[in-house]
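Novice: Got a structure for you, entry_23.txt, holding compact mmCIF, C-alpha atoms and all ligand atoms.
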```txt
# COMPACT_ATOMS: atom_id res chain seq x y z
CA MET A 528 0.00 0.00 0.00
CA THR A 529 1.36 3.44 -0.87
CA PHE A 530 1.79 6.01 1.84
CA SER A 531 -1.00 8.02 0.19
CA SER A 532 -3.50 5.15 0.41
CA GLN A 533 -2.47 4.43 3.97
CA THR A 534 -3.18 8.06 4.89
CA ARG A 535 -6.44 8.14 2.95
CA ASN A 536 -7.67 4.89 4.51
CA GLU A 537 -7.07 6.32 7.90
CA LEU A 538 -8.75 9.65 7.15
CA ALA A 539 -11.77 7.86 5.69
CA ARG A 540 -12.41 6.44 9.14
CA VAL A 541 -12.25 9.76 10.99
CA ILE A 542 -15.81 11.00 11.43
CA PRO A 543 -15.99 14.35 13.22
CA SER A 544 -18.61 14.53 15.95
CA ALA A 545 -19.50 18.23 15.72
CA ARG A 546 -22.12 19.23 13.18
CA CYS A 547 -20.07 22.26 12.06
CA CYS A 548 -17.10 20.02 11.20
CA ARG A 549 -19.22 17.47 9.34
CA ILE A 550 -20.57 20.24 7.15
CA ALA A 551 -17.07 21.66 6.65
CA GLU A 552 -15.75 18.28 5.53
CA LEU A 553 -18.70 17.70 3.21
CA SER A 554 -18.20 21.16 1.74
CA ALA A 555 -14.61 20.26 0.83
CA LEU A 556 -15.88 17.14 -0.95
CA TYR A 557 -18.50 19.27 -2.69
CA ASP A 558 -16.04 22.06 -3.64
CA LEU A 559 -13.78 19.54 -5.34
CA ASP A 560 -16.19 17.16 -7.03
CA GLY A 561 -19.75 18.15 -6.26
CA PHE A 562 -22.57 19.31 -8.54
CA LEU A 563 -26.13 20.53 -8.42
CA LEU A 564 -27.79 18.75 -11.33
CA GLY A 565 -31.06 18.28 -13.10
CA ARG A 566 -33.40 20.71 -14.76
CA GLN A 567 -34.71 21.85 -11.39
CA ASN A 568 -31.59 21.15 -9.39
CA GLN A 569 -33.20 18.01 -8.08
CA TYR A 570 -29.89 16.19 -7.55
CA LEU A 571 -26.91 17.13 -5.47
CA ASP A 572 -24.00 14.83 -6.35
CA PHE A 573 -20.68 14.12 -4.69
CA ASN A 574 -18.32 12.30 -7.06
CA SER A 575 -15.15 10.41 -6.32
CA SER A 576 -13.08 7.72 -7.94
CA LEU A 577 -12.65 5.97 -4.60
CA PRO A 578 -15.33 3.85 -2.92
CA LEU A 579 -13.96 4.71 0.51
CA VAL A 580 -14.57 8.41 -0.16
CA ALA A 581 -18.13 7.63 -1.29
CA ARG A 582 -18.66 5.63 1.87
CA LYS A 583 -17.49 8.48 4.03
CA THR A 584 -19.63 11.00 2.15
CA TRP A 585 -22.63 8.76 2.71
CA LEU A 586 -21.85 8.44 6.44
CA LEU A 587 -21.46 12.21 6.81
CA LEU A 588 -24.73 12.87 4.98
CA LYS A 589 -26.64 10.23 6.91
CA GLY A 590 -25.27 11.56 10.19
CA LEU A 591 -26.38 15.10 9.37
CA TYR A 592 -29.65 14.33 7.60
CA PRO A 593 -30.90 10.89 8.66
CA ASP A 594 -34.21 11.35 6.85
CA LEU A 595 -33.04 12.63 3.47
CA PRO A 596 -33.03 10.22 0.52
CA VAL A 597 -29.44 9.46 -0.48
CA GLN A 598 -28.43 7.10 -3.25
CA VAL A 599 -25.03 5.59 -4.07
CA LEU A 600 -24.25 4.99 -7.74
CA LEU A 601 -21.23 3.29 -9.24
CA VAL A 602 -20.44 4.05 -12.87
CA LYS A 603 -17.64 2.09 -14.51
CA SER A 604 -16.06 3.36 -17.68
CA ARG A 605 -16.37 1.15 -20.77
CA SER A 606 -12.81 -0.01 -20.44
CA ARG A 607 -13.51 -0.74 -16.76
CA ARG A 608 -10.22 0.86 -15.95
CA SER A 609 -11.78 3.70 -14.06
CA GLN A 610 -14.93 4.21 -12.09
CA VAL A 611 -16.90 7.05 -10.60
CA CYS A 612 -18.72 6.63 -7.32
CA THR A 613 -21.54 9.09 -6.92
CA VAL A 614 -23.36 9.83 -3.69
CA ARG A 615 -26.58 11.57 -4.70
CA VAL A 616 -29.00 13.56 -2.57
CA LEU A 617 -32.38 13.05 -4.27
CA GLY A 618 -35.12 15.62 -4.63
CA LYS A 619 -35.22 19.35 -5.14
CA GLU A 620 -35.93 20.24 -1.52
CA ALA A 621 -33.40 17.84 -0.08
CA ALA A 622 -30.72 19.06 -2.50
CA ALA A 623 -31.54 22.68 -1.67
CA LEU A 624 -31.34 22.01 2.06
CA VAL A 625 -27.89 20.43 1.85
CA TYR A 626 -26.67 23.07 -0.59
CA ARG A 627 -27.81 25.85 1.74
CA ASP A 628 -25.92 24.31 4.68
CA LEU A 629 -22.74 23.86 2.64
CA LYS A 630 -22.80 27.44 1.42
CA GLY A 631 -23.98 28.88 4.73
CA GLN A 632 -20.87 28.06 6.73
CA GLU A 633 -19.28 30.79 8.78
CA VAL A 634 -16.13 31.93 7.03
CA VAL A 635 -13.50 34.54 7.82
CA ASP A 636 -13.34 36.27 4.43
CA GLU A 637 -14.11 35.89 0.75
CA SER A 638 -11.44 33.19 0.34
CA GLY A 639 -13.83 30.92 2.26
CA VAL A 640 -11.58 29.89 5.16
CA PRO A 641 -13.92 28.36 7.80
CA ARG A 642 -14.19 30.54 10.88
CA LYS A 643 -13.59 27.82 13.47
CA LYS A 644 -10.29 25.98 13.69
CA CYS A 645 -12.04 22.62 14.12
CA CYS A 646 -13.81 23.20 10.80
CA ARG A 647 -10.59 24.21 9.01
CA ARG A 648 -9.10 20.88 10.00
CA ALA A 649 -12.21 19.04 8.82
CA TYR A 650 -12.17 20.98 5.55
CA LEU A 651 -8.57 19.99 4.81
CA ARG A 652 -9.31 16.38 5.72
CA GLY A 653 -12.12 16.28 3.15
CA ALA A 654 -9.95 17.94 0.52
CA PHE A 655 -7.03 15.59 1.06
CA LEU A 656 -9.27 12.57 1.16
CA ASN A 657 -10.66 13.22 -2.28
CA ARG A 658 -7.78 14.87 -4.14
CA GLY A 659 -4.68 14.60 -2.01
CA SER A 660 -1.50 12.58 -2.23
CA VAL A 661 1.68 12.39 -0.22
CA THR A 662 4.95 10.80 -1.33
CA ASN A 663 6.62 8.08 0.66
CA PRO A 664 8.86 9.96 3.13
CA GLU A 665 11.73 7.55 2.32
CA LYS A 666 11.99 9.29 -1.02
CA THR A 667 11.17 12.94 -0.52
CA TYR A 668 8.82 15.21 1.43
CA HIS A 669 5.92 16.26 -0.75
CA LEU A 670 2.19 16.51 -0.15
CA GLU A 671 -0.27 17.97 -2.61
CA ILE A 672 -3.96 18.48 -3.31
CA VAL A 673 -4.89 18.90 -6.97
CA THR A 674 -8.00 20.52 -8.43
CA GLU A 675 -9.05 22.13 -11.69
CA GLN A 676 -11.10 24.72 -9.81
CA THR A 677 -9.53 28.02 -8.90
CA ALA A 678 -11.93 28.85 -6.05
CA ALA A 679 -11.43 25.45 -4.40
CA ALA A 680 -7.63 25.70 -4.77
CA GLU A 681 -7.63 29.12 -3.15
CA ARG A 682 -9.90 28.01 -0.35
CA ILE A 683 -7.63 25.04 0.44
CA PHE A 684 -4.50 27.19 0.16
CA HIS A 685 -5.78 29.93 2.48
CA THR A 686 -7.14 27.40 4.96
CA MET A 687 -3.70 25.80 5.16
CA VAL A 688 -2.04 29.19 5.61
CA SER A 689 -4.54 30.08 8.36
CA LEU A 690 -3.28 27.01 10.26
CA ASP A 691 0.38 28.14 9.92
CA LEU A 692 1.09 25.67 7.15
CA GLU A 693 3.29 27.47 4.64
CA ALA A 694 1.74 26.04 1.53
CA GLY A 695 2.58 26.73 -2.11
CA LEU A 696 0.07 27.15 -4.93
CA ILE A 697 1.05 26.54 -8.56
CA GLN A 698 -0.56 25.65 -11.86
CA ARG A 699 0.39 22.39 -13.50
CA GLN A 700 -1.07 21.11 -16.75
CA GLY A 701 -4.28 23.06 -16.40
CA SER A 702 -4.79 22.14 -12.75
CA TRP A 703 -4.09 23.94 -9.51
CA VAL A 704 -1.73 22.28 -7.07
CA VAL A 705 -1.65 23.23 -3.40
CA TYR A 706 1.46 21.68 -1.90
CA LEU A 707 3.65 21.34 1.18
CA LYS A 708 7.35 20.63 0.76
CA GLU A 709 8.72 20.41 4.26
CA GLY A 710 8.68 17.33 6.48
CA GLN A 711 7.60 19.26 9.55
CA LEU A 712 4.70 20.94 7.72
CA ILE A 713 3.45 17.59 6.40
CA VAL A 714 3.62 16.16 9.92
CA ASN A 715 1.63 19.16 11.19
CA LEU A 716 -1.04 18.70 8.52
CA LEU A 717 -1.34 14.94 9.15
CA ASN A 718 -1.79 15.77 12.81
CA LEU A 719 -4.41 18.46 12.14
CA MET A 720 -6.37 16.14 9.85
CA GLY A 721 -6.26 13.35 12.43
CA ALA A 722 -4.08 10.89 10.47
CA HIS A 723 -2.21 9.79 13.57
CA SER A 724 -0.94 6.39 12.39
CA ALA A 725 0.24 7.87 9.10
CA LEU A 726 1.94 10.58 11.15
CA LEU A 727 3.75 7.95 13.24
CA SER A 728 5.07 6.05 10.23
CA PHE A 729 6.06 9.34 8.61
CA GLU A 730 7.94 10.39 11.76
CA ASN A 731 9.68 7.03 12.05
CA VAL A 732 11.08 7.37 8.57
CA ARG A 733 11.97 11.00 9.17
CA VAL A 734 13.82 10.20 12.40
CA MET A 735 15.76 7.40 10.68
CA LYS A 736 16.66 9.66 7.77
CA ASP A 737 17.70 12.44 10.15
CA MET A 738 19.84 10.05 12.13
CA ARG A 739 21.52 8.75 8.97
CA ASN A 740 22.29 12.31 7.90
CA ARG A 741 23.61 13.21 11.31
CA ILE A 742 25.85 10.13 11.42
CA ASN A 743 27.16 10.94 7.95
CA ARG A 744 27.89 14.47 9.03
CA LEU A 745 29.67 13.24 12.17
CA VAL A 746 31.75 10.79 10.16
CA ASN A 747 32.77 13.55 7.74
CA CYS A 748 33.55 15.86 10.61
CA GLU A 749 35.59 13.19 12.38
CA THR A 750 37.57 12.51 9.22
CA ALA A 751 38.33 16.22 8.93
CA ASN A 752 39.50 16.31 12.55
CA VAL A 753 41.67 13.25 12.09
CA ASP A 754 43.21 14.86 9.03
CA LYS A 755 44.01 17.95 11.06
CA THR A 756 45.64 15.93 13.86
CA VAL A 757 47.72 13.91 11.44
CA LYS A 758 48.81 17.05 9.62
CA ALA A 759 49.86 18.68 12.92
CA ALA A 760 51.85 15.58 13.93
CA LEU A 761 53.63 15.50 10.55
CA ASP A 762 54.57 19.20 10.96
CA GLN A 763 55.92 18.47 14.44
CA ILE A 764 58.01 15.56 13.16
CA GLU A 765 59.41 17.74 10.41
CA ASP A 766 60.41 20.38 12.99
CA ILE A 767 61.99 17.79 15.27
CA GLU A 768 63.97 16.15 12.47
CA ARG A 769 65.25 19.50 11.42
CA ILE A 770 66.36 20.36 14.96
CA ASP A 771 68.01 16.98 15.24
CA ALA A 772 69.90 17.49 11.98
CA GLU A 773 71.12 20.97 12.80
CA LEU A 774 71.45 21.08 16.59
CA GLY A 775 71.19 17.46 17.69
CA LEU A 776 68.32 16.44 19.97
CA GLU A 777 70.81 15.55 22.70
CA ASN A 778 71.62 19.27 23.01
CA LEU A 779 68.04 20.21 23.90
CA PRO A 780 66.93 20.69 27.53
CA GLY A 781 65.77 17.37 29.04
CA LYS A 782 62.01 17.89 28.92
CA LEU A 783 62.05 19.14 25.33
CA GLN A 784 64.21 16.22 24.35
CA ASP A 785 61.79 13.75 25.95
CA VAL A 786 58.80 15.16 24.11
CA ALA A 787 60.71 15.29 20.82
CA ARG A 788 61.75 11.67 21.08
CA ALA A 789 58.27 10.59 22.17
CA ARG A 790 56.78 12.28 19.11
CA LEU A 791 59.26 10.65 16.75
CA ALA A 792 58.47 7.27 18.29
CA ASN A 793 54.66 7.79 18.14
CA PRO A 794 53.77 9.77 15.01
CA TYR A 795 50.00 9.14 15.36
CA ALA A 796 49.58 9.54 19.11
CA SER A 797 47.39 12.32 20.46
CA LEU A 798 48.90 14.91 22.81
CA GLN A 799 47.28 13.12 25.72
CA GLU A 800 48.82 9.81 24.68
CA LEU A 801 52.23 11.41 24.24
CA GLY A 802 52.00 12.90 27.73
CA ASN A 803 51.09 9.50 29.18
CA SER A 804 54.06 7.83 27.49
CA LEU A 805 56.53 10.07 29.34
CA SER A 806 57.93 9.53 32.78
CA PRO A 807 57.02 11.47 34.73
CA LYS A 808 53.74 11.86 32.87
CA LEU A 809 52.99 15.23 31.35
CA SER A 810 49.60 16.90 30.90
CA LYS A 811 48.17 17.55 27.44
CA SER A 812 48.85 21.27 27.78
CA GLY A 813 52.37 20.52 29.00
CA VAL A 814 53.05 18.49 25.87
CA ASN A 815 51.47 21.18 23.72
CA TYR A 816 53.65 23.85 25.33
CA ARG A 817 56.83 21.91 24.61
CA LEU A 818 55.84 21.13 21.05
CA ARG A 819 55.33 24.84 20.52
CA GLN A 820 58.80 25.53 21.90
CA LEU A 821 60.22 22.97 19.49
CA LYS A 822 58.36 24.71 16.66
CA LYS A 823 59.88 28.03 17.72
CA ILE A 824 63.36 26.58 17.70
CA ALA A 825 62.77 25.13 14.23
CA GLN A 826 61.51 28.51 13.02
CA GLU A 827 64.60 30.18 14.42
CA LEU A 828 66.72 27.69 12.51
CA ASP A 829 64.73 28.70 9.43
CA GLY A 830 65.48 32.33 10.16
CA LEU A 831 69.20 31.56 10.44
CA ASP A 832 69.06 29.89 7.04
CA HIS A 833 67.60 32.96 5.49
CA ASN A 834 70.17 35.21 7.07
CA PHE A 835 73.01 33.36 5.42
ZN ZN B 1 -16.18 22.62 13.53
```
Do you think you could lay out the structure here as structure tokens?
Specialist:
Amino acid sequence: MTFSSQTRNELARVIPSARCCRIAELSALYDLDGFLLGRQNQYLDFNSSLPLVARKTWLLLKGLYPDLPVQVLLVKSRSRRSQVCTVRVLGKEAAALVYRDLKGQEVVDESGVPRKKCCRRAYLRGAFLNRGSVTNPEKTYHLEIVTEQTAAAERIFHTMVSLDLEAGLIQRQGSWVVYLKEGQLIVNLLNLMGAHSALLSFENVRVMKDMRNRINRLVNCETANVDKTVKAALDQIEDIERIDAELGLENLPGKLQDVARARLANPYASLQELGNSLSPKLSKSGVNYRLRQLKKIAQELDGLDHNF
């Protein structure tokens, strides 16, 4: 099962308890694929290609209007490759009643964002259920809702923005696409819509991916540090060999001599390890201090060279 179907299956089972939210969710289904039909508007249809969406539409309608006549139709295309499930409210008065409720929601402005937060969540759930998809988080982070209708696209877009979801809105092949591109935003939307299991699997993948990236970064960082240490040790050895050639290590003060010999014997040891190999032991900063003195001596030898 794709991650999209997993999410949709879960959302199809979320039935809001408040009347306002049921209407909000139905209105999303209507905005995207609903029609008032017939010469006298005696049908109000909700279309979908997915039976589970039709089932949910039917449940929402029956919950809101237990006495209205509602019919479910399944139309298969000739090739039988595609199908349309229609949930139809029958009768002019019944259709008018539902239509009035859908259009009579309280909204914040002309973009149609539902006034209450609970209804915004329900609206997005309905929109995603019918026209949404989300890529498997293993691959990339992308969630989108596609519609040919400008008003519906804008309503979805502004509703997302009103819930602090920084959505994008673009046109693609004659359709509008409202999308989210960031993992955290997708997680927030799944949470708001009530897709909690989908959210958990999404987060699991995201945590694993994050961890992999962090480990890779650490490994790279470690390699860089190791390179630096090795480079420093090689410089020290060069200095010491130079001092030995020109002055003779035996002519250095005792402690400098000890550190110089320890470094030559242990080219890859850390300062701490060098300090521990001496007797008496020397602290890391003690070793560092002496190595710097050796460097100074080597630089002075350099200076002498240039003077001649
Ligand atoms: Zn509500």
Novice: If I put a ball of radius 6 Å at (-5.4, 17.8, -6.4) in the file's coordinates, which residues poke into it when counting all atoms listed in the file, written as a tab-separated table (two decimals) with C-alpha atoms, in the frame of the given file?
Specialist:
```tsv
chain	number	residue	atom	x	y	z
A	658	ARG	CA	-7.78	14.87	-4.14
A	659	GLY	CA	-4.68	14.60	-2.01
A	672	ILE	CA	-3.96	18.48	-3.31
A	673	VAL	CA	-4.89	18.90	-6.97
A	674	THR	CA	-8.00	20.52	-8.43
A	704	VAL	CA	-1.73	22.28	-7.07
```
Novice: Using all atoms listed in the file for the distances, tell me which of A:Ala679, A:Leu821, A:Leu571, A:Ala760 is nearest to A:Leu783.
Specialist: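 Closest to A:Leu783, using all atoms listed in the file: A:Leu821.
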Novice: Show me, as an NGL selection string, the residues that have an atom within 12 Å of A:Met735 when counting only C-alpha atoms, minus same-chain residues fewer than 6 positions from it.
Specialist: :A and (664-665 or 728-729 or 741-742)
Novice: For the point (-15.2, 16.1, 14.9) in the file's frame, write as a list in words all residues with an atom no more than 10 Å away, counting all atoms listed in the file.
Specialist: Val541, Ile542, Pro543, Ser544, Ala545, Arg546, Cys547, Cys548, Arg549, Glu552, Cys645, Cys646, Arg648, Ala649 and Gly721 of chain A
Novice: Please identify all polymer residues within 7 Å of stretch 784-797 of chain A, counting all atoms listed in the file, omitting same-chain residues fewer than 3 positions from it, and present them as a PDB file with C-alpha atoms, in the coordinates of the input.
Specialist:
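File selection-v3.pdb, as written:
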```pdb
ATOM      1  CA  VAL A 757      47.720  13.910  11.440  1.00  0.00           C
ATOM      2  CA  ALA A 760      51.850  15.580  13.930  1.00  0.00           C
ATOM      3  CA  ILE A 764      58.010  15.560  13.160  1.00  0.00           C
ATOM      4  CA  ILE A 767      61.990  17.790  15.270  1.00  0.00           C
ATOM      5  CA  LEU A 776      68.320  16.440  19.970  1.00  0.00           C
ATOM      6  CA  GLU A 777      70.810  15.550  22.700  1.00  0.00           C
ATOM      7  CA  LEU A 779      68.040  20.210  23.900  1.00  0.00           C
ATOM      8  CA  PRO A 780      66.930  20.690  27.530  1.00  0.00           C
ATOM      9  CA  GLY A 781      65.770  17.370  29.040  1.00  0.00           C
ATOM     10  CA  GLU A 800      48.820   9.810  24.680  1.00  0.00           C
ATOM     11  CA  LEU A 801      52.230  11.410  24.240  1.00  0.00           C
ATOM     12  CA  VAL A 814      53.050  18.490  25.870  1.00  0.00           C
TER      13      VAL A 814
END
```
Novice: For ligand ZN 1 (chain B), which residue among A:Leu774, A:Ala551, A:Leu670, A:Val625 is the nearest when counting all atoms listed in the file?
Specialist: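 Among the listed residues, the smallest separation from ligand ZN 1 (chain B) belongs to A:Ala551.
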Novice: For the atom pair atom CA of A:Arg699 and atom CA of A:Asn663, what is the interatomic distance in Å to one decimal place?
Specialist: 21.1 Å
Novice: Would you mind telling me which residue in A:Glu749, A:Asp771, A:Glu633, A:Glu765 lies nearest to ligand ZN 1 (chain B) when using all atoms listed in the file?
Specialist: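 With all atoms listed in the file as the atom set, the closest residue is A:Glu633.
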Novice: For A:Glu709, list every protein, DNA or RNA residue within 9 Å, evaluated using all atoms listed in the file, and leave out those in the same chain fewer than 6 positions away; present the list as an NGL selection string.
Specialist: :A and (668-670 or 693)
Novice: To one decimal in Å, tell me the separation between atom CA of A:Leu563 and atom CA of A:Asp636.
Specialist: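 Interatomic distance here is 24.0 Å.
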Novice: Using only C-alpha atoms and all ligand atoms, which of the listed residues (A:Arg647, A:Lys708, A:Lys583, A:Lys666) sits closest to ligand ZN 1 (chain B)?
Specialist: A:Arg647
Novice: Between atom CA of A:Pro578 and atom CA of A:Met687, what is the spacing in Å?
Specialist: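 Rounded to one decimal, the two atoms are 26.1 Å apart.
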Novice: Applying 9 Å and all atoms listed in the file, which residues near A:His723 remain after dropping the ones on its own chain fewer than 5 positions away? List them as a PyMOL selection string.
Specialist: chain A and resi 534+537+717-718+728
Novice: Mind checking which residues fall within 6 Å of A:Glu671, counting only C-alpha atoms, ignoring those fewer than 2 positions away in the same chain, and posting them as a PyMOL selection string?
Specialist: chain A and resi 659-660+705-706
Novice: Using all atoms listed in the file, can you tell me which of A:Gln598, A:Thr662, A:Ser576, A:Gln632 comes closest to A:Met528?
Specialist: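 The shortest atom-to-atom distance to A:Met528 comes from A:Thr662.
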Novice: Which residue, A:Leu828, A:Val688, A:Val602, A:Leu651, has the smallest gap to ligand ZN 1 (chain B) when you use only C-alpha atoms and all ligand atoms?
Specialist: A:Leu651
